[in-house]
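**Student:** Data: query_19.txt, compact mmCIF, C-alpha atoms.
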# COMPACT_ATOMS: atom_id res chain seq x y z
CA MET S 12 -103.83 78.89 -77.12
CA ASN S 13 -100.35 78.09 -78.42
CA MET S 14 -98.91 80.04 -75.56
CA LYS S 15 -100.74 77.86 -72.98
CA CYS S 16 -99.59 74.65 -74.64
CA ASN S 17 -95.99 75.75 -74.66
CA LEU S 18 -96.19 76.67 -70.98
CA PHE S 19 -97.61 73.22 -70.07
CA ILE S 20 -94.87 71.46 -72.02
CA LEU S 21 -92.26 73.60 -70.32
CA VAL S 22 -93.64 72.77 -66.85
CA VAL S 23 -93.76 69.05 -67.63
CA THR S 24 -90.29 69.11 -69.06
CA LEU S 25 -88.71 71.04 -66.23
CA PHE S 26 -90.54 69.65 -63.19
CA GLY S 27 -92.47 66.53 -64.12
CA ASN S 28 -89.96 63.90 -65.24
CA PRO S 29 -87.01 64.76 -62.89
CA ILE S 30 -89.26 64.84 -59.83
CA ASP S 31 -90.81 61.48 -60.72
CA THR S 32 -87.37 59.88 -61.25
CA VAL S 33 -85.92 61.14 -57.96
CA SER S 34 -89.00 60.18 -55.98
CA ILE S 35 -88.98 56.68 -57.42
CA LYS S 36 -85.30 56.20 -56.55
CA ASN S 37 -85.82 57.50 -53.01
CA LEU S 38 -88.82 55.26 -52.59
CA GLU S 39 -86.84 52.25 -53.75
CA ASN S 40 -84.00 53.09 -51.35
CA ARG S 41 -86.39 53.44 -48.41
CA THR S 42 -88.10 50.14 -49.15
CA ARG S 43 -84.80 48.34 -49.69
CA GLU S 44 -82.80 49.68 -46.74
CA LYS S 45 -83.79 50.34 -43.17
CA ILE S 46 -80.63 51.60 -41.49
CA CYS S 47 -77.02 51.90 -42.61
CA ALA S 48 -73.64 52.34 -40.99
CA VAL S 49 -70.35 53.26 -42.62
CA GLY S 50 -67.05 51.87 -41.42
CA GLY S 51 -63.78 52.30 -43.26
CA ARG S 52 -64.63 52.08 -46.97
CA GLN S 53 -67.65 49.83 -46.46
CA ARG S 54 -71.31 50.63 -46.08
CA ILE S 55 -73.42 48.06 -44.24
CA CYS S 56 -77.18 48.33 -44.48
CA VAL S 57 -80.08 46.46 -42.91
CA PRO S 58 -83.03 45.87 -45.26
CA VAL S 59 -86.55 46.82 -44.23
CA ASP S 60 -87.74 43.22 -44.39
CA TYR S 61 -84.92 42.19 -42.01
CA GLN S 62 -86.26 40.34 -38.95
CA LYS S 63 -83.85 40.56 -36.02
CA TYR S 64 -85.66 37.76 -34.20
CA ASP S 65 -85.28 35.24 -37.04
CA LEU S 66 -82.22 33.06 -37.63
CA PRO S 67 -79.93 34.27 -40.45
CA ASP S 68 -80.36 30.96 -42.28
CA MET S 69 -83.60 29.04 -41.78
CA LYS S 70 -82.60 26.15 -44.07
CA SER S 71 -79.35 25.05 -42.38
CA PRO S 72 -77.85 25.39 -38.87
CA THR S 73 -76.30 28.76 -38.09
CA LEU S 74 -72.62 28.38 -37.20
CA VAL S 75 -71.50 30.54 -34.26
CA THR S 76 -67.80 30.81 -33.42
CA ILE S 77 -66.78 31.63 -29.84
CA GLY S 78 -63.39 33.03 -28.88
CA VAL S 79 -62.47 33.77 -25.25
CA ASP S 80 -59.23 35.74 -25.18
CA ILE S 81 -58.26 35.41 -21.51
CA LYS S 82 -56.13 38.23 -20.11
CA ASP S 83 -56.00 37.00 -16.52
CA ILE S 84 -57.61 34.72 -13.94
CA PRO S 85 -57.65 36.88 -10.79
CA LYS S 86 -59.49 34.44 -8.51
CA VAL S 87 -60.15 30.76 -7.96
CA SER S 88 -62.45 30.33 -4.96
CA ASP S 89 -62.45 27.00 -3.12
CA LYS S 90 -65.25 28.13 -0.82
CA ASP S 91 -67.96 28.82 -3.41
CA PHE S 92 -66.43 26.59 -6.16
CA SER S 93 -66.05 29.40 -8.70
CA ILE S 94 -63.48 30.72 -11.18
CA THR S 95 -63.27 34.35 -12.28
CA ILE S 96 -61.67 35.30 -15.60
CA ASN S 97 -60.98 38.64 -17.29
CA ALA S 98 -61.31 38.19 -21.03
CA TYR S 99 -62.43 39.54 -24.37
CA PHE S 100 -65.54 37.55 -25.23
CA ASN S 101 -65.77 37.32 -29.04
CA VAL S 102 -68.77 35.97 -30.96
CA LYS S 103 -68.72 35.46 -34.75
CA TRP S 104 -71.44 34.44 -37.19
CA ARG S 105 -72.48 35.06 -40.80
CA ASP S 106 -75.63 36.98 -41.67
CA PRO S 107 -76.34 36.80 -45.45
CA ARG S 108 -79.30 39.16 -45.15
CA LEU S 109 -77.08 42.24 -44.69
CA LEU S 110 -76.18 44.52 -47.59
CA VAL S 111 -72.52 45.48 -48.01
CA SER S 112 -71.26 48.01 -50.54
CA LYS S 113 -68.24 50.26 -51.03
CA ASP S 114 -68.34 53.74 -49.58
CA TYR S 115 -65.48 56.21 -50.03
CA SER S 116 -67.18 59.21 -48.48
CA LYS S 117 -65.14 59.13 -45.27
CA GLU S 118 -61.72 57.72 -46.11
CA GLY S 119 -61.61 58.36 -49.84
CA LEU S 120 -60.31 56.08 -52.55
CA PRO S 121 -57.75 53.47 -51.53
CA ASP S 122 -54.08 54.11 -52.18
CA PRO S 123 -53.07 52.21 -55.34
CA ASN S 124 -49.66 51.52 -53.74
CA GLU S 125 -51.28 49.55 -50.91
CA LYS S 126 -50.82 45.83 -51.30
CA ASN S 127 -54.07 44.29 -50.13
CA ASP S 128 -55.30 40.91 -51.25
CA PRO S 129 -58.82 41.46 -52.61
CA ASN S 130 -59.67 37.81 -51.96
CA VAL S 131 -59.03 38.12 -48.22
CA PRO S 132 -61.92 39.93 -46.48
CA SER S 133 -60.94 42.35 -43.73
CA LEU S 134 -63.09 43.19 -40.72
CA THR S 135 -64.33 46.76 -40.57
CA ALA S 136 -65.39 48.44 -37.34
CA ILE S 137 -68.99 49.64 -37.54
CA ASN S 138 -70.85 52.17 -35.42
CA LEU S 139 -72.59 50.47 -32.51
CA HIS S 140 -75.95 52.11 -33.25
CA ILE S 141 -76.59 49.38 -35.83
CA LEU S 142 -76.29 46.71 -33.13
CA HIS S 143 -79.87 47.15 -31.93
CA ASN S 144 -81.15 46.28 -35.40
CA LEU S 145 -79.08 43.12 -35.89
CA TRP S 146 -79.78 39.52 -34.99
CA LEU S 147 -77.61 38.36 -32.07
CA PRO S 148 -77.06 34.75 -30.99
CA ASP S 149 -78.78 33.78 -27.73
CA VAL S 150 -75.51 32.72 -26.14
CA GLU S 151 -75.62 30.88 -22.82
CA ILE S 152 -72.62 30.15 -20.58
CA LEU S 153 -73.23 26.94 -18.67
CA ASN S 154 -72.89 27.14 -14.85
CA LEU S 155 -72.63 30.94 -15.08
CA LYS S 156 -72.55 32.86 -11.82
CA SER S 157 -72.03 36.43 -13.06
CA PHE S 158 -71.21 38.24 -16.31
CA GLU S 159 -69.96 41.81 -16.10
CA THR S 160 -69.00 44.12 -18.96
CA HIS S 161 -66.14 46.53 -18.32
CA SER S 162 -66.72 50.19 -19.01
CA VAL S 163 -64.67 53.40 -18.92
CA LEU S 164 -66.60 56.26 -20.53
CA SER S 165 -68.91 53.71 -22.10
CA LYS S 166 -69.19 49.95 -22.36
CA LEU S 167 -66.10 48.34 -23.86
CA GLU S 168 -67.74 46.61 -26.81
CA GLY S 169 -67.41 46.66 -30.56
CA ILE S 170 -68.84 45.19 -33.75
CA TRP S 171 -67.00 44.36 -36.96
CA ILE S 172 -68.35 43.22 -40.36
CA ASP S 173 -66.42 42.13 -43.44
CA SER S 174 -67.37 41.90 -47.13
CA ASN S 175 -68.37 38.23 -46.71
CA LEU S 176 -71.07 39.30 -44.24
CA GLU S 177 -69.16 37.81 -41.32
CA VAL S 178 -70.12 39.63 -38.11
CA MET S 179 -67.95 39.75 -34.99
CA TYR S 180 -69.21 41.13 -31.70
CA ALA S 181 -66.67 41.56 -28.88
CA LEU S 182 -67.00 42.52 -25.20
CA ALA S 183 -64.45 43.21 -22.46
CA THR S 184 -65.85 41.07 -19.67
CA ARG S 185 -65.35 39.65 -16.21
CA ILE S 186 -66.91 36.18 -16.11
CA THR S 187 -67.45 34.08 -12.99
CA PHE S 188 -68.64 30.51 -13.45
CA ILE S 189 -69.17 27.53 -11.17
CA CYS S 190 -66.85 24.53 -11.27
CA PRO S 191 -67.74 21.35 -9.32
CA MET S 192 -64.73 20.54 -7.13
CA ARG S 193 -63.78 17.67 -4.83
CA PHE S 194 -61.22 18.27 -2.09
CA ASN S 195 -60.67 14.82 -0.58
CA ALA S 196 -57.05 14.88 -1.79
CA PHE S 197 -56.39 18.45 -0.61
CA PRO S 198 -53.71 19.85 -0.92
CA MET S 199 -52.63 17.37 -3.61
CA ASP S 200 -55.90 17.75 -5.51
CA ILE S 201 -56.35 18.29 -9.24
CA GLN S 202 -59.55 20.00 -10.38
CA VAL S 203 -60.93 19.78 -13.93
CA CYS S 204 -63.31 22.60 -14.88
CA LYS S 205 -65.19 23.13 -18.13
CA PHE S 206 -66.04 26.49 -19.65
CA GLN S 207 -68.93 25.72 -22.03
CA VAL S 208 -70.90 28.08 -24.26
CA GLY S 209 -74.08 27.13 -26.11
CA SER S 210 -77.48 28.35 -27.21
CA PHE S 211 -80.32 28.93 -24.77
CA ASN S 212 -83.18 28.29 -27.23
CA TYR S 213 -81.93 26.53 -30.37
CA ASP S 214 -80.81 22.91 -30.52
CA MET S 215 -78.13 21.46 -32.80
CA SER S 216 -80.45 21.33 -35.81
CA LYS S 217 -80.71 25.13 -35.84
CA MET S 218 -77.49 26.42 -34.23
CA THR S 219 -74.04 24.89 -33.82
CA PHE S 220 -71.03 26.26 -31.97
CA GLN S 221 -67.32 25.94 -32.57
CA ASN S 222 -64.26 27.21 -30.74
CA GLU S 223 -62.04 29.79 -32.39
CA PHE S 224 -58.94 29.06 -30.27
CA VAL S 225 -57.83 27.62 -26.93
CA PRO S 226 -56.41 30.18 -24.46
CA LYS S 227 -52.69 30.05 -23.69
CA ASP S 228 -51.31 29.08 -20.29
CA THR S 229 -49.09 32.18 -20.29
CA SER S 230 -52.12 34.49 -20.20
CA ILE S 231 -52.43 34.13 -16.40
CA LYS S 232 -50.63 36.89 -14.53
CA SER S 233 -52.08 36.62 -11.01
CA ILE S 234 -50.45 34.58 -8.26
CA LEU S 235 -52.81 31.71 -7.57
CA ASP S 236 -52.84 28.56 -5.46
CA TYR S 237 -53.09 26.53 -8.67
CA GLN S 238 -51.08 25.86 -11.79
CA ILE S 239 -53.62 26.22 -14.61
CA THR S 240 -53.43 24.65 -18.05
CA PHE S 241 -55.98 24.92 -20.89
CA ASN S 242 -57.11 22.02 -23.08
CA PRO S 243 -59.76 21.68 -25.81
CA LEU S 244 -63.08 20.20 -24.80
CA LYS S 245 -63.46 16.46 -25.24
CA ASP S 246 -65.98 15.27 -27.83
CA ARG S 247 -68.45 14.19 -25.16
CA ASP S 248 -68.52 17.77 -23.80
CA THR S 249 -69.33 19.46 -27.13
CA HIS S 250 -73.04 18.70 -26.71
CA TYR S 251 -75.47 18.30 -23.85
CA MET S 252 -79.09 17.33 -23.26
CA ALA S 253 -81.70 19.75 -21.89
CA ILE S 254 -85.52 19.66 -21.90
CA GLY S 255 -85.40 16.66 -24.20
CA MET S 256 -83.25 18.29 -26.91
CA ASN S 257 -79.60 18.01 -27.88
CA TYR S 258 -77.70 21.33 -27.75
CA SER S 259 -74.35 22.19 -29.25
CA ALA S 260 -71.59 23.58 -27.03
CA THR S 261 -68.02 24.79 -27.32
CA GLY S 262 -65.35 26.16 -25.03
CA PHE S 263 -62.28 24.81 -23.30
CA GLU S 264 -61.15 22.80 -20.29
CA LEU S 265 -59.18 24.15 -17.33
CA VAL S 266 -56.94 21.77 -15.38
CA LEU S 267 -56.17 23.21 -11.92
CA THR S 268 -53.18 21.56 -10.22
CA ARG S 269 -52.63 22.81 -6.70
CA LYS S 270 -49.15 24.01 -5.77
CA MET S 271 -47.93 21.90 -2.85
CA SER S 272 -44.83 23.81 -1.74
CA PHE S 273 -46.70 26.18 0.58
CA TYR S 274 -48.49 23.37 2.41
CA VAL S 275 -45.35 21.23 2.71
CA VAL S 276 -43.40 24.07 4.33
CA THR S 277 -46.26 25.40 6.47
CA TYR S 278 -47.94 22.20 7.69
CA TYR S 279 -46.28 18.94 6.68
CA LEU S 280 -42.68 19.72 7.66
CA PRO S 281 -43.41 21.31 11.09
CA SER S 282 -45.88 18.60 12.14
CA GLY S 283 -43.49 15.83 11.08
CA LEU S 284 -40.64 17.47 13.01
CA PHE S 285 -42.83 17.75 16.11
CA VAL S 286 -43.40 13.99 15.99
CA ILE S 287 -39.64 13.39 15.78
CA VAL S 288 -39.01 15.77 18.70
CA SER S 289 -41.55 13.85 20.78
CA TRP S 290 -39.27 10.79 20.60
CA ILE S 291 -36.73 12.65 22.75
CA SER S 292 -39.07 11.99 25.66
CA PHE S 293 -38.06 8.31 25.56
CA LEU S 294 -34.53 9.38 26.54
CA VAL S 295 -35.69 11.37 29.57
CA ASN S 296 -35.66 9.62 32.94
CA PRO S 297 -39.25 8.57 33.76
CA GLU S 298 -38.84 9.91 37.30
CA ILE S 299 -38.30 13.43 35.96
CA ILE S 300 -42.01 13.99 35.52
CA PRO S 301 -42.18 17.78 34.85
CA GLY S 302 -39.61 17.76 32.02
CA ARG S 303 -40.97 14.77 30.12
CA MET S 304 -44.64 15.62 30.63
CA THR S 305 -44.17 19.26 29.63
CA LEU S 306 -42.43 18.27 26.40
CA LEU S 307 -45.15 15.82 25.32
CA VAL S 308 -48.13 17.94 26.35
CA THR S 309 -46.72 21.04 24.62
CA ILE S 310 -46.14 19.16 21.34
CA PHE S 311 -49.59 17.60 21.60
CA LEU S 312 -51.30 20.97 22.04
CA VAL S 313 -49.31 22.52 19.18
CA LEU S 314 -50.43 19.75 16.83
CA ILE S 315 -54.03 20.23 17.95
CA ASN S 316 -53.69 23.93 17.12
CA ILE S 317 -52.25 23.09 13.67
CA HIS S 318 -55.19 20.75 13.06
CA ASN S 319 -57.70 23.46 13.99
CA THR S 320 -55.96 25.94 11.67
CA ILE S 321 -56.09 23.47 8.79
CA GLN S 322 -59.79 22.82 9.37
CA THR S 323 -60.48 26.56 9.34
CA ASN S 324 -58.50 27.29 6.17
CA SER S 325 -59.22 24.12 4.20
CA PRO S 326 -62.09 23.86 1.69
CA LYS S 327 -65.07 21.71 2.53
CA ALA S 328 -64.78 18.06 1.57
CA GLU S 329 -66.77 14.87 1.93
CA GLY S 330 -64.97 13.35 4.90
CA LEU S 331 -61.34 13.96 5.78
CA THR S 332 -58.84 15.61 3.44
CA ALA S 333 -55.34 14.27 2.86
CA ILE S 334 -53.69 16.91 5.03
CA GLU S 335 -56.15 16.30 7.88
CA CYS S 336 -55.27 12.59 7.79
CA TRP S 337 -51.59 13.52 8.05
CA VAL S 338 -52.02 15.81 11.05
CA ILE S 339 -54.32 13.34 12.82
CA ALA S 340 -51.68 10.64 12.34
CA CYS S 341 -49.03 12.97 13.84
CA ILE S 342 -51.33 13.64 16.81
CA ILE S 343 -51.79 9.88 17.31
CA PHE S 344 -48.03 9.30 17.35
CA VAL S 345 -47.50 12.01 19.98
CA PHE S 346 -50.47 10.73 21.94
CA GLY S 347 -48.92 7.26 21.78
CA ALA S 348 -45.72 8.58 23.36
CA LEU S 349 -47.80 10.36 25.99
CA LEU S 350 -49.82 7.21 26.63
CA GLU S 351 -46.64 5.14 27.02
CA TYR S 352 -45.33 7.53 29.66
CA THR S 353 -48.72 7.50 31.39
CA VAL S 354 -48.52 3.70 31.69
CA ILE S 355 -45.03 4.00 33.19
CA LEU S 356 -46.25 6.54 35.72
CA LEU S 357 -49.19 4.28 36.57
CA LYS S 358 -46.86 1.35 37.23
CA LEU S 359 -44.61 3.54 39.38
CA LYS S 360 -47.64 4.65 41.37
CA ILE S 361 -48.89 1.07 41.88
CA ARG S 362 -45.51 -0.23 42.99
CA LYS S 363 -45.10 2.69 45.36
CA LEU S 364 -48.42 1.80 46.98
CA LYS S 365 -47.40 -1.83 47.23
CA SER S 366 -44.10 -0.92 48.81
CA GLN S 367 -45.88 1.11 51.48
CA THR S 368 -47.87 -2.00 52.58
CA GLY S 369 -44.67 -3.78 53.63
CA LEU S 370 -43.94 -1.48 56.57
CA ASN S 371 -44.14 -4.36 59.12
CA SER S 372 -40.78 -5.76 57.92
CA SER S 373 -37.50 -4.76 59.53
CA PHE S 374 -35.97 -1.48 58.49
CA LYS S 375 -32.72 -3.01 57.26
CA VAL S 376 -34.38 -5.66 55.16
CA LYS S 377 -36.74 -3.04 53.80
CA ASN S 378 -33.95 -0.59 53.01
CA CYS S 379 -31.88 -3.23 51.21
CA SER S 380 -34.81 -4.61 49.27
CA THR S 381 -35.99 -1.12 48.30
CA LYS S 382 -32.65 -0.34 46.70
CA MET S 383 -32.74 -3.61 44.73
CA VAL S 384 -36.36 -3.00 43.60
CA ARG S 385 -35.58 0.56 42.51
CA GLY S 386 -32.64 -0.67 40.49
CA SER S 387 -34.70 -3.34 38.75
CA ARG S 388 -37.56 -0.87 38.12
CA ALA S 389 -35.23 1.65 36.55
CA ASP S 390 -33.73 -0.97 34.26
CA LYS S 391 -37.17 -2.23 33.25
CA PHE S 392 -38.54 1.24 32.45
CA THR S 393 -35.39 2.12 30.54
CA GLN S 394 -35.80 -0.98 28.41
CA THR S 395 -39.44 -0.06 27.73
CA ASP S 396 -38.44 3.44 26.57
CA LEU S 397 -35.74 2.01 24.30
CA VAL S 398 -38.22 -0.40 22.74
CA PHE S 399 -40.63 2.43 21.96
CA LEU S 400 -37.74 4.62 20.78
CA CYS S 401 -37.04 1.98 18.11
CA LEU S 402 -40.68 1.11 17.40
CA PHE S 403 -42.13 4.61 16.85
CA PRO S 404 -39.65 5.71 14.12
CA VAL S 405 -40.24 2.46 12.24
CA LEU S 406 -44.01 2.89 12.42
CA PHE S 407 -43.75 6.54 11.36
CA LEU S 408 -41.54 5.58 8.43
CA VAL S 409 -44.01 2.89 7.32
CA PHE S 410 -46.85 5.39 7.59
CA ASN S 411 -44.93 7.89 5.42
CA LEU S 412 -44.26 5.26 2.78
CA PHE S 413 -47.93 4.31 2.55
CA TYR S 414 -49.15 7.93 2.74
CA TRP S 415 -46.91 9.50 0.10
CA THR S 416 -47.17 6.47 -2.19
CA ALA S 417 -50.97 6.71 -2.12
CA VAL S 418 -50.90 10.48 -2.65
CA PHE S 419 -48.55 10.46 -5.63
CA TRP S 420 -50.21 7.41 -7.15
CA TRP S 421 -53.58 9.18 -6.98
CA ARG S 422 -52.06 12.35 -8.46
CA TRP S 423 -50.38 10.43 -11.29
CA GLN S 424 -53.58 8.51 -12.02
CA ASN S 425 -55.53 11.76 -12.35
CA TRP S 426 -52.89 13.19 -14.68
CA THR S 427 -53.08 10.15 -16.95
CA ILE S 428 -56.88 10.36 -17.09
CA ILE S 429 -56.74 14.05 -17.98
Mind turning this structure into structure tokens?

**Tutor:**
Amino acid sequence: MNMKCNLFILVVTLFGNPIDTVSIKNLENRTREKICAVGGRQRICVPVDYQKYDLPDMKSPTLVTIGVDIKDIPKVSDKDFSITINAYFNVKWRDPRLLVSKDYSKEGLPDPNEKNDPNVPSLTAINLHILHNLWLPDVEILNLKSFETHSVLSKLEGIWIDSNLEVMYALATRITFICPMRFNAFPMDIQVCKFQVGSFNYDMSKMTFQNEFVPKDTSIKSILDYQITFNPLKDRDTHYMAIGMNYSATGFELVLTRKMSFYVVTYYLPSGLFVIVSWISFLVNPEIIPGRMTLLVTIFLVLINIHNTIQTNSPKAEGLTAIECWVIACIIFVFGALLEYTVILLKLKIRKLKSQTGLNSSFKVKNCSTKMVRGSRADKFTQTDLVFLCLFPVLFLVFNLFYWTAVFWWRWQNWTII
């Protein structure tokens, strides 16, 4: 009997209490933690009662910080009104439901000689397998056309968490968004585009957004038709109305100023010089029809071809663009010179017909009078050409003053508004 009692005590002592203690601890760990990830010297765990579809803080608005680190803007399309950017898209928020503890199993104890401020939390890269168990903001990019994530061997993305439970999720992306553009002042136009990020589901009472930084102008490496500058969003653009609710938004503003040098050299200068060359026709004798007519018709057809090229290559606008108005004015000036010479030819033709009706007069009288009439005609047509030679440059100069004054005034006015 004593032997049986001693055996029972020995079994309870050796196997009963330790097994109960370990099982209780394991049970507590399983109920408290769902999944864990170790990064650096930190261990981040997601509790079992964690709901990835619930907001991190149900009592106050969740603050989400957006940072768009632009590396380049490879394309600005005037045809489909879109802008394409290559950037690191960073999203930050705080999730107090996560569990963070120290873990030295991978990197060991910290070096005592390292000078790290314990009050400054540092982001620690965490394995991406925990991402599927975390709450993520339902981020929406307004006027989005496409959102592509770059990948090499896998998607270029990462997640970082610090000791203050601040979470940062970053993606290497190629973003294309729509920008409403107006091209009536093309090629002196200035476009203002807004890159806005907000929530798809939650209004301002549940989720607010703020901008981490404004991209730098020096980040653009591609050769574009625009000079691009970045500005913070105005206060009126940090919120918007949708389905009867007020949503928070953040982002930045892009000011696209078109570079004019290409269009001045390619279109403005040649067309203006063609108008000036057309004035040489006023110095050509009106009776030399092939030379004067060939000069004017050739210049007229060249300007028509320039106008067709501009219409093909220019973006669509409501009505005429500024450069189309310029070329049409140049065409009108050349057509005016051609019309003036046409009137002279018409008068020569009429007087020739009238002179042929006076054949009943004597030959001598006719011969003498013909020489006098030809001399007076030549003087009269020469005076007409000289009048137009003085009038057309003055009119073209007045047109240039009005045109360029209006263009630069409009451009300056837009700059002051921006």

**Student:** Could you pull the residues within 9 Å of S:Leu153, counting all atoms listed in the file, minus those fewer than 3 positions along the same chain, as a PyMOL selection string?

**Tutor:** chain S and resi 188-189+205-209

**Student:** Counting only C-alpha atoms, which residues sit no farther than 9 Å from the position (-56.8, 34.2, -12.3) in the file's frame? I'd like them as an MDAnalysis selection string.

**Tutor:** chainID S and resid 82:87 94:97 231:235 239

**Student:** Which polymer residues have any atom within 12 Å of an atom of S:Tyr279, counting all atoms listed in the file, with same-chain residues fewer than 2 positions away left out, as a ChimeraX atom specification?

**Tutor:** /S:198,271-277,281-286,314,317-318,321,333-341,411,415

**Student:** Counting all atoms listed in the file, figure out which residue out of S:Ile291, S:Val308, S:Ala328, S:Leu176 gets nearest to S:Phe403.

**Tutor:** S:Ile291

**Student:** With all atoms listed in the file as the atoms that count, which of S:Thr268, S:Thr184, S:Asn138, S:Asn144 lies nearest to S:Asp236?

**Tutor:**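 Comparing S:Thr268, S:Thr184, S:Asn138, S:Asn144 against S:Asp236, the winner is S:Thr268.
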
**Student:** Write out as number ranges by chain each polymer residue whose atoms come within 10 Å of S:Met192, counting all atoms listed in the file; drop sequence neighbours fewer than 2 positions from it.

**Tutor:** S: 89-93, 189-190, 194-195, 200-204, 326-328

**Student:** To one decimal in Å, tell me the separation between atom CA of S:Gly50 and atom CA of S:Phe220.

**Tutor:** 27.6 Å

**Student:** Of the residues S:Ser366, S:Ser259, S:Asn175, S:Ser162, which is the one nearest to S:Asp246, using only C-alpha atoms?

**Tutor:** S:Ser259

**Student:** Report, in Å with one decimal, the straight-line distance from atom CA of S:Ala48 to atom CA of S:Pro72.

**Tutor:**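 Answer for the atom CA of S:Ala48 to atom CA of S:Pro72 separation: 27.4 Å.
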
**Student:** Using all atoms listed in the file, which protein or nucleic acid residues come within 8 Å of S:Tyr61? Drop anything in the same chain fewer than 3 positions from it, and give the result as a PyMOL selection string.

**Tutor:** chain S and resi 57-58+108

**Student:** My list of candidates is S:Arg105, S:Lys217, S:His140, S:Lys63. Which is closest to S:Val49 when distances are computed with all atoms listed in the file?

**Tutor:**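 Looking at the shortest contact to S:Val49, the residue is S:His140.
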
**Student:** In terms of the shortest atom-to-atom distance over all atoms listed in the file, which of S:Ala181, S:Leu164, S:Leu350, S:Val111 is closest to S:Leu142?

**Tutor:**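 Answer, going by the shortest atom-to-atom distance: S:Ala181.
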
**Student:** Would you compute an axis-aligned box for stretch 207-224 of chain S, covering every atom listed for it in the file with 3 Å of margin on each side, and report centre and edge lengths in Å to one decimal as JSON?

**Tutor:**
{"center_x": -71.1, "center_y": 25.6, "center_z": -28.9, "size_x": 30.2, "size_y": 14.5, "size_z": 19.8}

**Student:** Please provide as a PyMOL selection string all residues within 9 Å of S:Glu298, with the sequence filter that same-chain residues fewer than 5 positions apart are discarded (counting only C-alpha atoms).

**Tutor:** chain S and resi 303+356+359

**Student:** Could those residues be written to a file, using C-alpha atoms, as a tab-separated table (two decimals), in the frame of the given file?

**Tutor:**
chain	number	residue	atom	x	y	z
S	303	ARG	CA	-40.97	14.77	30.12
S	356	LEU	CA	-46.25	6.54	35.72
S	359	LEU	CA	-44.61	3.54	39.38

**Student:** Report, in Å with one decimal, the straight-line distance from atom CA of S:Val225 to atom CA of S:Phe419.

**Tutor:**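 Atom CA of S:Val225 sits 28.9 Å away from atom CA of S:Phe419.
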
**Student:** So which one's closest to S:Asn222, S:Ala260, S:Val398, S:Leu364, S:Leu412? Using only C-alpha atoms, please.

**Tutor:** S:Ala260
